[in-house]
file data_9.cif (mmCIF, C-alpha atoms)
data_upload
#
loop_
_atom_site.group_PDB
_atom_site.id
_atom_site.type_symbol
_atom_site.label_atom_id
_atom_site.label_comp_id
_atom_site.auth_asym_id
_atom_site.auth_seq_id
_atom_site.Cartn_x
_atom_site.Cartn_y
_atom_site.Cartn_z
ATOM 1 C CA LEU A 11 -13.877 205.171 85.231
ATOM 2 C CA SER A 12 -16.890 202.882 85.503
ATOM 3 C CA CYS A 13 -17.890 200.862 88.565
ATOM 4 C CA SER A 14 -20.232 197.922 89.007
ATOM 5 C CA SER A 15 -21.025 195.509 91.845
ATOM 6 C CA GLU A 16 -19.571 192.023 91.620
ATOM 7 C CA GLY A 17 -20.416 189.849 94.596
ATOM 8 C CA LYS A 18 -18.937 191.415 97.724
ATOM 9 C CA ASN A 19 -16.630 193.654 95.682
ATOM 10 C CA ILE A 20 -16.741 196.448 93.132
ATOM 11 C CA ARG A 21 -15.306 196.054 89.643
ATOM 12 C CA ILE A 22 -13.502 199.160 88.400
ATOM 13 C CA ARG A 23 -12.905 199.539 84.673
ATOM 14 C CA TRP A 24 -10.992 202.207 82.776
ATOM 15 C CA PRO A 25 -10.868 200.978 79.156
ATOM 16 C CA LEU A 26 -8.738 203.917 77.982
ATOM 17 C CA VAL A 27 -5.701 202.520 79.821
ATOM 18 C CA SER A 28 -6.814 198.865 79.947
ATOM 19 C CA VAL A 29 -7.598 198.865 83.690
ATOM 20 C CA ASP A 30 -9.931 196.179 85.040
ATOM 21 C CA ILE A 31 -9.647 195.408 88.775
ATOM 22 C CA LEU A 32 -11.725 194.479 91.813
ATOM 23 C CA TYR A 33 -12.093 196.852 94.761
ATOM 24 C CA PRO A 34 -12.882 195.362 98.200
ATOM 25 C CA GLU A 35 -16.017 196.509 100.019
ATOM 26 C CA LYS A 36 -15.175 195.039 103.426
ATOM 27 C CA ARG A 37 -14.635 198.526 104.866
ATOM 28 C CA LEU A 38 -15.145 202.135 103.805
ATOM 29 C CA PHE A 39 -11.629 202.838 102.509
ATOM 30 C CA PRO A 40 -9.506 199.699 102.151
ATOM 31 C CA SER A 41 -5.737 200.061 102.067
ATOM 32 C CA ILE A 42 -3.738 199.633 98.887
ATOM 33 C CA ALA A 43 -2.471 196.345 100.375
ATOM 34 C CA ASP A 44 -6.067 195.055 100.612
ATOM 35 C CA THR A 45 -6.722 195.880 96.973
ATOM 36 C CA VAL A 46 -3.416 194.347 95.840
ATOM 37 C CA GLU A 47 -4.276 191.126 97.679
ATOM 38 C CA LEU A 48 -7.638 190.963 95.888
ATOM 39 C CA ASN A 49 -5.957 191.531 92.513
ATOM 40 C CA ALA A 50 -2.873 189.334 92.869
ATOM 41 C CA GLY A 51 -0.798 189.373 89.704
ATOM 42 C CA VAL A 52 -2.753 192.291 88.224
ATOM 43 C CA LEU A 53 -2.254 195.233 90.583
ATOM 44 C CA VAL A 54 1.252 196.027 91.857
ATOM 45 C CA ALA A 55 1.950 198.576 94.622
ATOM 46 C CA HIS A 56 5.325 200.341 94.584
ATOM 47 C CA GLY A 57 5.488 200.820 98.332
ATOM 48 C CA GLN A 58 3.181 203.789 98.793
ATOM 49 C CA LYS A 59 4.763 205.812 95.990
ATOM 50 C CA GLY A 60 2.379 204.521 93.349
ATOM 51 C CA TYR A 61 0.949 201.507 91.584
ATOM 52 C CA SER A 62 0.948 199.564 88.313
ATOM 53 C CA ILE A 63 -1.887 197.848 86.478
ATOM 54 C CA GLY A 64 -0.626 196.181 83.339
ATOM 55 C CA GLN A 65 1.183 198.849 81.320
ATOM 56 C CA PHE A 66 -0.447 201.762 83.194
ATOM 57 C CA HIS A 67 1.496 203.218 86.126
ATOM 58 C CA GLU A 68 0.965 206.212 88.420
ATOM 59 C CA PHE A 69 3.360 207.777 90.941
ATOM 60 C CA PHE A 70 2.908 210.628 93.426
ATOM 61 C CA VAL A 71 5.298 213.526 92.779
ATOM 62 C CA SER A 72 5.974 216.774 94.627
ATOM 63 C CA SER A 73 5.330 219.827 92.461
ATOM 64 C CA GLN A 74 5.676 223.511 93.262
ATOM 65 C CA ASN A 75 4.914 224.997 89.836
ATOM 66 C CA GLN A 76 2.114 222.522 89.041
ATOM 67 C CA ILE A 77 2.670 222.656 85.311
ATOM 68 C CA SER A 78 0.859 219.832 83.553
ATOM 69 C CA ALA A 79 2.606 218.298 80.571
ATOM 70 C CA ALA A 80 2.705 215.252 78.321
ATOM 71 C CA PHE A 81 5.642 213.530 76.625
ATOM 72 C CA ALA A 82 5.273 210.939 73.862
ATOM 73 C CA MET A 83 8.457 208.873 74.171
ATOM 74 C CA GLY A 84 8.065 206.457 71.274
ATOM 75 C CA ARG A 85 5.509 203.844 72.303
ATOM 76 C CA ILE A 86 5.514 205.098 75.918
ATOM 77 C CA GLU A 87 3.482 208.122 77.027
ATOM 78 C CA ALA A 88 4.119 210.132 80.192
ATOM 79 C CA THR A 89 1.771 212.768 81.604
ATOM 80 C CA PHE A 90 2.055 215.054 84.633
ATOM 81 C CA GLY A 91 -0.997 216.494 86.335
ATOM 82 C CA ARG A 92 -3.535 216.084 89.115
ATOM 83 C CA ALA A 93 -3.985 212.583 90.511
ATOM 84 C CA THR A 94 -6.425 210.384 88.603
ATOM 85 C CA PRO A 95 -9.719 209.220 90.126
ATOM 86 C CA LEU A 96 -8.194 205.731 90.196
ATOM 87 C CA ALA A 97 -5.310 206.909 92.398
ATOM 88 C CA ALA A 98 -7.806 208.657 94.679
ATOM 89 C CA THR A 99 -9.813 205.433 94.982
ATOM 90 C CA LEU A 100 -6.821 203.214 95.702
ATOM 91 C CA PHE A 101 -5.050 205.531 98.161
ATOM 92 C CA GLU A 102 -7.833 207.426 99.946
ATOM 93 C CA SER A 103 -7.222 205.469 103.156
ATOM 94 C CA HIS A 104 -3.562 206.615 103.093
ATOM 95 C CA ARG A 105 -4.326 210.312 102.630
ATOM 96 C CA SER A 106 -3.684 212.381 105.733
ATOM 97 C CA LYS A 107 -3.679 216.022 106.775
ATOM 98 C CA TYR A 108 -0.249 216.410 105.168
ATOM 99 C CA HIS A 109 -1.432 215.833 101.622
ATOM 100 C CA GLY A 110 -4.453 218.092 101.239
ATOM 101 C CA ASP A 111 -7.356 217.570 98.855
ATOM 102 C CA TRP A 112 -7.014 215.333 95.807
ATOM 103 C CA SER A 113 -7.209 218.415 93.587
ATOM 104 C CA GLU A 114 -3.853 219.478 95.087
ATOM 105 C CA ILE A 115 -2.082 216.127 94.693
ATOM 106 C CA TRP A 116 0.065 215.607 91.605
ATOM 107 C CA THR A 117 1.158 212.438 89.891
ATOM 108 C CA LEU A 118 3.211 211.145 87.005
ATOM 109 C CA ARG A 119 1.343 208.678 84.787
ATOM 110 C CA ILE A 120 3.159 206.273 82.492
ATOM 111 C CA PHE A 121 1.279 204.295 79.832
ATOM 112 C CA GLY A 122 2.749 201.673 77.518
ATOM 113 C CA ALA A 123 5.747 200.639 79.647
ATOM 114 C CA ARG A 124 6.443 197.044 80.623
ATOM 115 C CA GLN A 125 7.610 196.395 84.165
ATOM 116 C CA GLN A 126 11.202 195.824 83.001
ATOM 117 C CA ASP A 127 11.207 199.272 81.363
ATOM 118 C CA LEU A 128 9.311 201.089 84.107
ATOM 119 C CA GLU A 129 12.150 202.643 86.115
ATOM 120 C CA ALA A 130 13.860 203.845 82.938
ATOM 121 C CA ALA A 131 10.565 205.315 81.692
ATOM 122 C CA VAL A 132 9.984 207.143 84.990
ATOM 123 C CA LEU A 133 13.525 208.577 85.037
ATOM 124 C CA ASN A 134 13.284 209.657 81.379
ATOM 125 C CA ALA A 135 9.986 211.424 82.066
ATOM 126 C CA LEU A 136 11.278 213.194 85.194
ATOM 127 C CA LEU A 137 14.424 214.335 83.363
ATOM 128 C CA LEU A 138 12.448 215.597 80.355
ATOM 129 C CA TYR A 139 10.208 217.568 82.718
ATOM 130 C CA ALA A 140 13.219 219.020 84.539
ATOM 131 C CA HIS A 141 14.838 220.089 81.251
ATOM 132 C CA GLU A 142 11.625 221.650 79.914
ATOM 133 C CA TYR A 143 10.276 223.367 83.048
ATOM 134 C CA GLY A 144 13.294 223.715 85.357
ATOM 135 C CA GLU A 145 11.782 221.770 88.258
ATOM 136 C CA VAL A 146 12.967 218.389 89.506
ATOM 137 C CA LEU A 147 9.839 216.510 90.570
ATOM 138 C CA ARG A 148 10.508 213.899 93.235
ATOM 139 C CA PRO A 149 8.396 210.787 93.820
ATOM 140 C CA TYR A 150 7.377 210.391 97.452
ATOM 141 C CA PRO A 151 5.576 207.816 99.627
ATOM 142 C CA PHE A 152 1.926 208.648 100.252
ATOM 143 C CA ASP A 153 2.044 208.368 104.043
ATOM 144 C CA ASP A 154 2.182 210.415 107.230
ATOM 145 C CA ASN A 155 5.928 211.001 106.943
ATOM 146 C CA PHE A 156 5.655 213.305 103.944
ATOM 147 C CA ASP A 157 7.296 216.591 104.953
ATOM 148 C CA ASP A 158 8.189 218.171 101.601
ATOM 149 C CA TRP A 159 4.862 219.862 100.999
ATOM 150 C CA ASP A 160 5.064 223.579 100.284
ATOM 151 C CA GLU A 161 2.299 225.474 102.044
ATOM 152 C CA SER A 162 2.973 228.634 100.056
ATOM 153 C CA GLU A 163 -0.119 230.707 99.374
ATOM 154 C CA ASP A 164 1.073 231.572 95.865
ATOM 155 C CA GLU A 165 -1.333 230.620 93.103
ATOM 156 C CA PRO A 166 -0.108 227.628 91.087
ATOM 157 C CA VAL A 167 1.176 228.203 87.586
ATOM 158 C CA LEU A 168 -0.933 226.065 85.242
ATOM 159 C CA ASP A 169 0.057 225.066 81.748
ATOM 160 C CA GLU A 170 -0.826 222.449 79.146
ATOM 161 C CA ALA A 171 1.867 221.177 76.829
ATOM 162 C CA SER A 172 2.534 218.047 74.808
ATOM 163 C CA HIS A 173 5.952 217.031 73.540
ATOM 164 C CA ILE A 174 6.912 214.358 71.042
ATOM 165 C CA VAL A 175 10.411 213.193 71.923
ATOM 166 C CA ALA A 176 12.761 210.282 71.235
ATOM 167 C CA PRO A 177 12.055 206.837 72.740
ATOM 168 C CA ILE A 178 13.307 206.337 76.282
ATOM 169 C CA VAL A 179 16.941 205.702 77.170
ATOM 170 C CA ARG A 180 17.178 202.315 78.898
ATOM 171 C CA ASP A 181 20.589 202.703 80.629
ATOM 172 C CA LEU A 182 19.462 202.738 84.264
ATOM 173 C CA GLU A 183 22.782 203.515 85.969
ATOM 174 C CA PRO A 184 23.545 206.802 84.157
ATOM 175 C CA LEU A 185 19.881 207.820 84.392
ATOM 176 C CA ARG A 186 19.984 207.270 88.149
ATOM 177 C CA PHE A 187 23.271 209.165 88.453
ATOM 178 C CA TYR A 188 22.005 212.110 86.406
ATOM 179 C CA PHE A 189 18.675 212.392 88.231
ATOM 180 C CA SER A 190 20.472 212.169 91.594
ATOM 181 C CA GLY A 191 22.765 214.990 90.472
ATOM 182 C CA LEU A 192 19.837 217.228 89.569
ATOM 183 C CA ALA A 193 18.101 216.442 92.860
ATOM 184 C CA GLN A 194 21.138 217.190 95.070
ATOM 185 C CA ALA A 195 21.005 220.302 97.231
ATOM 186 C CA ASP A 196 24.797 220.146 97.683
ATOM 187 C CA ARG A 197 26.655 221.372 94.594
ATOM 188 C CA MET A 198 29.745 219.212 95.139
ATOM 189 C CA SER A 199 27.708 216.054 95.565
ATOM 190 C CA ALA A 200 25.850 216.872 92.358
ATOM 191 C CA CYS A 201 29.128 217.174 90.449
ATOM 192 C CA ILE A 202 30.207 213.701 91.546
ATOM 193 C CA TYR A 203 26.975 212.205 90.204
ATOM 194 C CA PHE A 204 27.329 214.044 86.867
ATOM 195 C CA TYR A 205 30.918 212.863 86.531
ATOM 196 C CA ARG A 206 29.785 209.274 87.076
ATOM 197 C CA VAL A 207 27.607 209.595 83.967
ATOM 198 C CA ILE A 208 30.670 210.685 81.979
ATOM 199 C CA GLU A 209 32.694 207.785 83.380
ATOM 200 C CA TYR A 210 29.945 205.331 82.439
ATOM 201 C CA TYR A 211 29.819 206.362 78.804
ATOM 202 C CA SER A 212 33.575 206.857 78.462
ATOM 203 C CA PHE A 213 33.807 203.064 78.368
ATOM 204 C CA LEU A 214 32.168 203.196 74.919
ATOM 205 C CA THR A 215 35.223 204.983 73.522
ATOM 206 C CA HIS A 216 36.941 201.583 73.735
ATOM 207 C CA GLU A 217 34.279 200.060 71.494
ATOM 208 C CA ASN A 218 36.465 199.572 68.403
ATOM 209 C CA GLU A 219 39.276 197.900 70.343
ATOM 210 C CA LEU A 220 36.872 195.667 72.235
ATOM 211 C CA SER A 221 35.112 194.726 69.001
ATOM 212 C CA ARG A 222 38.463 193.707 67.489
ATOM 213 C CA LEU A 223 39.241 191.544 70.511
ATOM 214 C CA ARG A 224 35.814 189.909 70.411
ATOM 215 C CA HIS A 225 36.278 188.840 66.791
ATOM 216 C CA ASP A 226 39.871 187.633 67.239
ATOM 217 C CA ARG A 227 39.516 183.818 67.271
ATOM 218 C CA SER A 228 43.129 183.376 68.307
ATOM 219 C CA ILE A 229 42.311 184.664 71.814
ATOM 220 C CA ASN A 230 40.897 182.089 74.249
ATOM 221 C CA ASP A 231 38.262 182.935 76.880
ATOM 222 C CA GLN A 232 40.751 183.433 79.711
ATOM 223 C CA ASP A 233 42.988 185.744 77.681
ATOM 224 C CA PHE A 234 39.970 187.603 76.339
ATOM 225 C CA SER A 235 38.846 188.635 79.829
ATOM 226 C CA LYS A 236 42.405 189.699 80.680
ATOM 227 C CA ARG A 237 42.798 191.720 77.477
ATOM 228 C CA VAL A 238 39.451 193.472 77.988
ATOM 229 C CA LEU A 239 40.474 194.451 81.521
ATOM 230 C CA GLU A 240 43.763 195.813 80.222
ATOM 231 C CA VAL A 241 42.010 197.953 77.605
ATOM 232 C CA VAL A 242 39.568 199.411 80.115
ATOM 233 C CA VAL A 243 41.970 200.018 83.013
ATOM 234 C CA LYS A 244 45.144 201.193 81.294
ATOM 235 C CA ASP A 245 43.597 204.254 79.669
ATOM 236 C CA GLU A 246 40.704 205.283 81.890
ATOM 237 C CA LYS A 247 41.808 208.919 81.849
ATOM 238 C CA GLY A 248 42.223 208.945 78.071
ATOM 239 C CA ALA A 249 38.727 207.539 77.579
ATOM 240 C CA VAL A 250 37.225 210.272 79.745
ATOM 241 C CA PHE A 251 39.172 212.953 77.879
ATOM 242 C CA LYS A 252 38.080 211.562 74.519
ATOM 243 C CA LEU A 253 34.408 211.574 75.511
ATOM 244 C CA ILE A 254 34.510 215.121 76.907
ATOM 245 C CA ALA A 255 36.164 216.337 73.696
ATOM 246 C CA SER A 256 33.395 214.761 71.622
ATOM 247 C CA LEU A 257 30.650 216.346 73.739
ATOM 248 C CA ALA A 258 32.030 219.872 74.215
ATOM 249 C CA ASP A 259 31.172 222.430 71.539
ATOM 250 C CA GLU A 260 32.230 226.068 71.225
ATOM 251 C CA GLU A 261 29.266 227.293 73.254
ATOM 252 C CA LEU A 262 30.021 225.051 76.227
ATOM 253 C CA LEU A 263 33.747 225.841 76.070
ATOM 254 C CA ALA A 264 32.976 229.562 76.019
ATOM 255 C CA LYS A 265 30.696 229.135 79.041
ATOM 256 C CA ALA A 266 33.378 227.291 81.016
ATOM 257 C CA ASN A 267 35.897 229.976 80.073
ATOM 258 C CA ALA A 268 33.538 232.810 81.096
ATOM 259 C CA LEU A 269 32.976 231.130 84.477
ATOM 260 C CA GLY A 270 36.721 231.036 85.048
ATOM 261 C CA LEU A 271 36.826 227.248 85.056
ATOM 262 C CA ILE A 272 39.352 227.069 82.203
ATOM 263 C CA GLN A 273 41.882 229.614 80.952
ATOM 264 C CA ASN A 274 41.656 228.580 77.301
ATOM 265 C CA ALA A 275 38.435 227.599 75.539
ATOM 266 C CA THR A 276 39.664 224.262 74.177
ATOM 267 C CA ALA A 277 38.387 220.733 74.692
ATOM 268 C CA SER A 278 41.725 219.543 76.049
ATOM 269 C CA HIS A 279 41.801 222.305 78.677
ATOM 270 C CA LEU A 280 38.216 221.471 79.659
ATOM 271 C CA ALA A 281 38.891 217.738 79.988
ATOM 272 C CA ASP A 282 42.047 218.330 82.013
ATOM 273 C CA ALA A 283 40.303 220.810 84.331
ATOM 274 C CA ILE A 284 37.341 218.471 84.893
ATOM 275 C CA TYR A 285 39.637 215.538 85.653
ATOM 276 C CA SER A 286 41.639 217.632 88.114
ATOM 277 C CA PHE A 287 38.472 218.902 89.797
ATOM 278 C CA ARG A 288 37.102 215.376 90.072
ATOM 279 C CA ASN A 289 40.288 214.189 91.787
ATOM 280 C CA SER A 290 40.313 217.180 94.128
ATOM 281 C CA ILE A 291 36.861 216.393 95.524
ATOM 282 C CA VAL A 292 36.862 212.578 95.376
ATOM 283 C CA HIS A 293 40.242 211.785 96.954
ATOM 284 C CA GLY A 294 40.838 212.553 100.615
ATOM 285 C CA LYS A 295 44.556 213.094 100.272
ATOM 286 C CA PHE A 296 47.052 215.323 98.502
ATOM 287 C CA SER A 297 48.680 213.810 95.428
ATOM 288 C CA TYR A 298 51.055 214.997 92.769
ATOM 289 C CA GLY A 299 49.393 217.405 90.360
ATOM 290 C CA PHE A 300 46.084 217.701 92.225
ATOM 291 C CA THR A 301 44.872 220.118 94.898
ATOM 292 C CA LEU A 302 42.673 218.782 97.672
ATOM 293 C CA SER A 303 39.396 220.727 97.801
ATOM 294 C CA SER A 304 36.732 220.886 100.493
ATOM 295 C CA PRO A 305 33.874 223.352 100.997
ATOM 296 C CA SER A 306 34.002 225.938 103.764
ATOM 297 C CA PHE A 307 31.706 225.272 106.704
ATOM 298 C CA PHE A 308 30.571 228.916 106.646
ATOM 299 C CA ASP A 309 30.249 229.595 102.916
ATOM 300 C CA SER A 310 30.560 226.437 100.861
ATOM 301 C CA GLU A 311 29.120 227.948 97.678
ATOM 302 C CA ALA A 312 31.707 230.726 97.535
ATOM 303 C CA THR A 313 34.737 228.522 98.137
ATOM 304 C CA MET A 314 34.090 225.880 95.463
ATOM 305 C CA PRO A 315 34.407 226.359 91.684
ATOM 306 C CA ASN A 316 30.957 226.153 90.094
ATOM 307 C CA TRP A 317 31.335 223.144 87.819
ATOM 308 C CA ASN A 318 27.731 222.086 88.349
ATOM 309 C CA GLY A 319 26.178 223.541 85.199
ATOM 310 C CA VAL A 320 28.973 222.444 82.849
ATOM 311 C CA LEU A 321 29.098 218.880 84.203
ATOM 312 C CA ALA A 322 25.305 218.617 84.143
ATOM 313 C CA GLU A 323 25.263 219.625 80.479
ATOM 314 C CA LEU A 324 27.997 217.121 79.596
ATOM 315 C CA ALA A 325 26.118 214.359 81.419
ATOM 316 C CA LYS A 326 22.908 215.288 79.609
ATOM 317 C CA ARG A 327 24.625 215.209 76.217
ATOM 318 C CA ALA A 328 26.275 211.869 76.971
ATOM 319 C CA ILE A 329 22.920 210.275 77.763
ATOM 320 C CA GLU A 330 21.195 211.819 74.749
ATOM 321 C CA ARG A 331 23.910 210.857 72.259
ATOM 322 C CA LEU A 332 25.170 207.536 73.603
ATOM 323 C CA GLY A 333 22.237 206.138 75.552
ATOM 324 C CA THR A 334 20.656 202.871 74.435
ATOM 325 C CA ARG A 335 17.092 203.681 73.396
ATOM 326 C CA ASN A 336 13.955 201.644 72.899
ATOM 327 C CA PRO A 337 13.358 200.808 69.222
ATOM 328 C CA VAL A 338 11.204 203.231 67.242
ATOM 329 C CA ILE A 339 7.867 201.675 66.382
#
call {"tool": "encode", "arguments": {"input": "data_9.cif", "output": "structure tokens"}}
result
Amino acid sequence: LSCSSEGKNIRIRWPLVSVDILYPEKRLFPSIADTVELNAGVLVAHGQKGYSIGQFHEFFVSSQNQISAAFAMGRIEATFGRATPLAATLFESHRSKYHGDWSEIWTLRIFGARQQDLEAAVLNALLLYAHEYGEVLRPYPFDDNFDDWDESEDEPVLDEASHIVAPIVRDLEPLRFYFSGLAQADRMSACIYFYRVIEYYSFLTHENELSRLRHDRSINDQDFSKRVLEVVVKDEKGAVFKLIASLADEELLAKANALGLIQNATASHLADAIYSFRNSIVHGKFSYGFTLSSPSFFDSEATMPNWNGVLAELAKRAIERLGTRNPVI
């Protein structure tokens, strides 16, 4: 960073990430809102979770392991580590006793993402970090209400690693579902989110039929909408089964069998068991062929089948194989 006086303000430049903004001098530590007002159209504040300047973005994240890492996702780069000097400058007035010194505060930095791709880029980066290091980092507002800080006296585990991966997946809904599943403390709630990812991508199994309808010039607009609805609704279960069968390999089937989730290690048994489990936890009534399930108040983990890992893996594979990605440059 370089700073220079400009009238009643300070100009901050960081050429490496194309940052060039004004910083108000009207008081010792101006708020992020003051700086945003001075840089209208250039600096964007995301509440108090972070900020954007052009295609550079930084968000505060909670980290227990404090493992720094970098992911090159096509034209977008994501890094995890200690907060930058720019973040410290912009948010010093918001720092309180709950956050500690800037050397203890961690952020996710995204470079190369346009605003319309930003949420997808953030979710991709957080999911890649969770897969690689086993910790789900959660963005948080940099204010006095932060209560997720771990005051453990254990020494942080430090690491440096760079990963070149595929360009980001842009499908926001399944990314949100999957991240929410990983972040859930309740196992049943997590399963519902993972299943929603499967449901989302199961629609793509109708692609050939929908493509045929789209190119059939004998179908008018009104009939087209009706026919599409019929295709999607009439075989929702079959679409889910077809997707699960395409995602499940011998290793995953063997895992489900070893956990006692299925009696036979076949894709059809897995799909049927998942569909039955989904109905048992989503519907609040008994119905033919399905058993109503609810966790025990005293020992919820012991009374529910542990579908979490299997469903999480299926959701992950669905996103990786069927997700719409940014073009490779």
call {"tool": "closest_residue", "arguments": {"input": "data_9.cif", "among": "A:Arg148, A:Arg105, A:Lys326, A:Arg237", "to": "Ala193 of chain A", "atoms": "all atoms listed in the file"}}
result
A:Arg148
call {"tool": "resolve_selection", "arguments": {"input": "data_9.cif", "expression": "the PyMOL selection byres ((chain A and resi 338) around 10)", "output": "short mmCIF file (atom, residue, chain, number, x, y, z; two decimals) with C-alpha atoms, in the coordinates of the input"}}
result
data_model
loop_
_atom_site.label_atom_id
_atom_site.label_comp_id
_atom_site.auth_asym_id
_atom_site.auth_seq_id
_atom_site.Cartn_x
_atom_site.Cartn_y
_atom_site.Cartn_z
CA MET A 83 8.46 208.87 74.17
CA GLY A 84 8.06 206.46 71.27
CA ARG A 85 5.51 203.84 72.30
CA ALA A 176 12.76 210.28 71.24
CA PRO A 177 12.06 206.84 72.74
CA ILE A 178 13.31 206.34 76.28
CA ARG A 335 17.09 203.68 73.40
CA ASN A 336 13.96 201.64 72.90
CA PRO A 337 13.36 200.81 69.22
CA ILE A 339 7.87 201.68 66.38
#
call {"tool": "closest_residue", "arguments": {"input": "data_9.cif", "among": "A:Gly270, A:Gly110, A:Pro151, A:Gly64", "to": "Gln125 of chain A", "atoms": "only C-alpha atoms"}}
result
A:Gly64
call {"tool": "resolve_selection", "arguments": {"input": "data_9.cif", "expression": "the PyMOL selection byres ((chain A and resi 126-128) around 12)", "output": "PDB file with C-alpha atoms, in the frame of the given file"}}
result
ATOM      1  CA  HIS A  56       5.325 200.341  94.584  1.00  0.00           C
ATOM      2  CA  TYR A  61       0.949 201.507  91.584  1.00  0.00           C
ATOM      3  CA  SER A  62       0.948 199.564  88.313  1.00  0.00           C
ATOM      4  CA  ILE A  63      -1.887 197.848  86.478  1.00  0.00           C
ATOM      5  CA  GLY A  64      -0.626 196.181  83.339  1.00  0.00           C
ATOM      6  CA  GLN A  65       1.183 198.849  81.320  1.00  0.00           C
ATOM      7  CA  PHE A  66      -0.447 201.762  83.194  1.00  0.00           C
ATOM      8  CA  HIS A  67       1.496 203.218  86.126  1.00  0.00           C
ATOM      9  CA  GLU A  68       0.965 206.212  88.420  1.00  0.00           C
ATOM     10  CA  PHE A  69       3.360 207.777  90.941  1.00  0.00           C
ATOM     11  CA  ARG A  85       5.509 203.844  72.303  1.00  0.00           C
ATOM     12  CA  ILE A  86       5.514 205.098  75.918  1.00  0.00           C
ATOM     13  CA  GLU A  87       3.482 208.122  77.027  1.00  0.00           C
ATOM     14  CA  ALA A  88       4.119 210.132  80.192  1.00  0.00           C
ATOM     15  CA  ARG A 119       1.343 208.678  84.787  1.00  0.00           C
ATOM     16  CA  ILE A 120       3.159 206.273  82.492  1.00  0.00           C
ATOM     17  CA  PHE A 121       1.279 204.295  79.832  1.00  0.00           C
ATOM     18  CA  GLY A 122       2.749 201.673  77.518  1.00  0.00           C
ATOM     19  CA  ALA A 123       5.747 200.639  79.647  1.00  0.00           C
ATOM     20  CA  ARG A 124       6.443 197.044  80.623  1.00  0.00           C
ATOM     21  CA  GLN A 125       7.610 196.395  84.165  1.00  0.00           C
ATOM     22  CA  GLU A 129      12.150 202.643  86.115  1.00  0.00           C
ATOM     23  CA  ALA A 130      13.860 203.845  82.938  1.00  0.00           C
ATOM     24  CA  ALA A 131      10.565 205.315  81.692  1.00  0.00           C
ATOM     25  CA  VAL A 132       9.984 207.143  84.990  1.00  0.00           C
ATOM     26  CA  LEU A 133      13.525 208.577  85.037  1.00  0.00           C
ATOM     27  CA  ASN A 134      13.284 209.657  81.379  1.00  0.00           C
ATOM     28  CA  ALA A 135       9.986 211.424  82.066  1.00  0.00           C
ATOM     29  CA  PRO A 177      12.055 206.837  72.740  1.00  0.00           C
ATOM     30  CA  ILE A 178      13.307 206.337  76.282  1.00  0.00           C
ATOM     31  CA  VAL A 179      16.941 205.702  77.170  1.00  0.00           C
ATOM     32  CA  ARG A 180      17.178 202.315  78.898  1.00  0.00           C
ATOM     33  CA  ASP A 181      20.589 202.703  80.629  1.00  0.00           C
ATOM     34  CA  LEU A 182      19.462 202.738  84.264  1.00  0.00           C
ATOM     35  CA  ARG A 335      17.092 203.681  73.396  1.00  0.00           C
ATOM     36  CA  ASN A 336      13.955 201.644  72.899  1.00  0.00           C
TER      37      ASN A 336
END
call {"tool": "atom_distance", "arguments": {"input": "data_9.cif", "atom1": "atom CA of Cys13 of chain A", "atom2": "atom CA of Tyr150 of chain A"}}
result
28.4 Å
call {"tool": "resolve_selection", "arguments": {"input": "data_9.cif", "expression": "the PyMOL selection byres ((chain A and resi 115-117) around 6)", "output": "CSV table (one decimal) with C-alpha atoms, in the coordinates of the input"}}
result
chain,number,residue,atom,x,y,z
A,69,PHE,CA,3.4,207.8,90.9
A,70,PHE,CA,2.9,210.6,93.4
A,71,VAL,CA,5.3,213.5,92.8
A,90,PHE,CA,2.1,215.1,84.6
A,91,GLY,CA,-1.0,216.5,86.3
A,92,ARG,CA,-3.5,216.1,89.1
A,93,ALA,CA,-4.0,212.6,90.5
A,112,TRP,CA,-7.0,215.3,95.8
A,113,SER,CA,-7.2,218.4,93.6
A,114,GLU,CA,-3.9,219.5,95.1
A,118,LEU,CA,3.2,211.1,87.0
call {"tool": "closest_residue", "arguments": {"input": "data_9.cif", "among": "A:Gln273, A:Ser172, A:Asn19, A:Ser235", "to": "Ala80 of chain A", "atoms": "only C-alpha atoms"}}
result
A:Ser172
call {"tool": "axis_aligned_box", "arguments": {"input": "data_9.cif", "around": "segment 71-84 of chain A", "padding_each_side": "6 Å", "output": "lines of an AutoDock Vina configuration file"}}
result
center_x = 4.7
center_y = 215.7
center_z = 83.0
size_x = 19.6
size_y = 30.5
size_z = 35.4
call {"tool": "atom_distance", "arguments": {"input": "data_9.cif", "atom1": "atom CA of Lys18 of chain A", "atom2": "atom CA of Pro34 of chain A"}}
result
7.2 Å
call {"tool": "closest_residue", "arguments": {"input": "data_9.cif", "among": "A:Phe204, A:Tyr33, A:Trp317, A:Tyr210", "to": "Val250 of chain A", "atoms": "all atoms listed in the file"}}
result
A:Tyr210
call {"tool": "closest_residue", "arguments": {"input": "data_9.cif", "among": "A:Phe251, A:Phe81, A:Phe152, A:Phe39", "to": "Tyr205 of chain A", "atoms": "only C-alpha atoms"}}
result
A:Phe251
call {"tool": "residues_around", "arguments": {"input": "data_9.cif", "residues": "Ala275 of chain A", "least_positions_apart": "4", "cutoff": "9 Å", "atoms": "all atoms listed in the file", "output": "JSON, numbers by chain"}}
result
{"A": [260, 262, 263, 264, 265, 266, 267, 279, 280]}
call {"tool": "write_last_selection", "arguments": {"input": "data_9.cif", "atoms": "C-alpha atoms", "output": "PDB file, keeping the file's coordinate frame"}}
result
ATOM      1  CA  GLU A 260      32.230 226.068  71.225  1.00  0.00           C
ATOM      2  CA  LEU A 262      30.021 225.051  76.227  1.00  0.00           C
ATOM      3  CA  LEU A 263      33.747 225.841  76.070  1.00  0.00           C
ATOM      4  CA  ALA A 264      32.976 229.562  76.019  1.00  0.00           C
ATOM      5  CA  LYS A 265      30.696 229.135  79.041  1.00  0.00           C
ATOM      6  CA  ALA A 266      33.378 227.291  81.016  1.00  0.00           C
ATOM      7  CA  ASN A 267      35.897 229.976  80.073  1.00  0.00           C
ATOM      8  CA  HIS A 279      41.801 222.305  78.677  1.00  0.00           C
ATOM      9  CA  LEU A 280      38.216 221.471  79.659  1.00  0.00           C
TER      10      LEU A 280
END
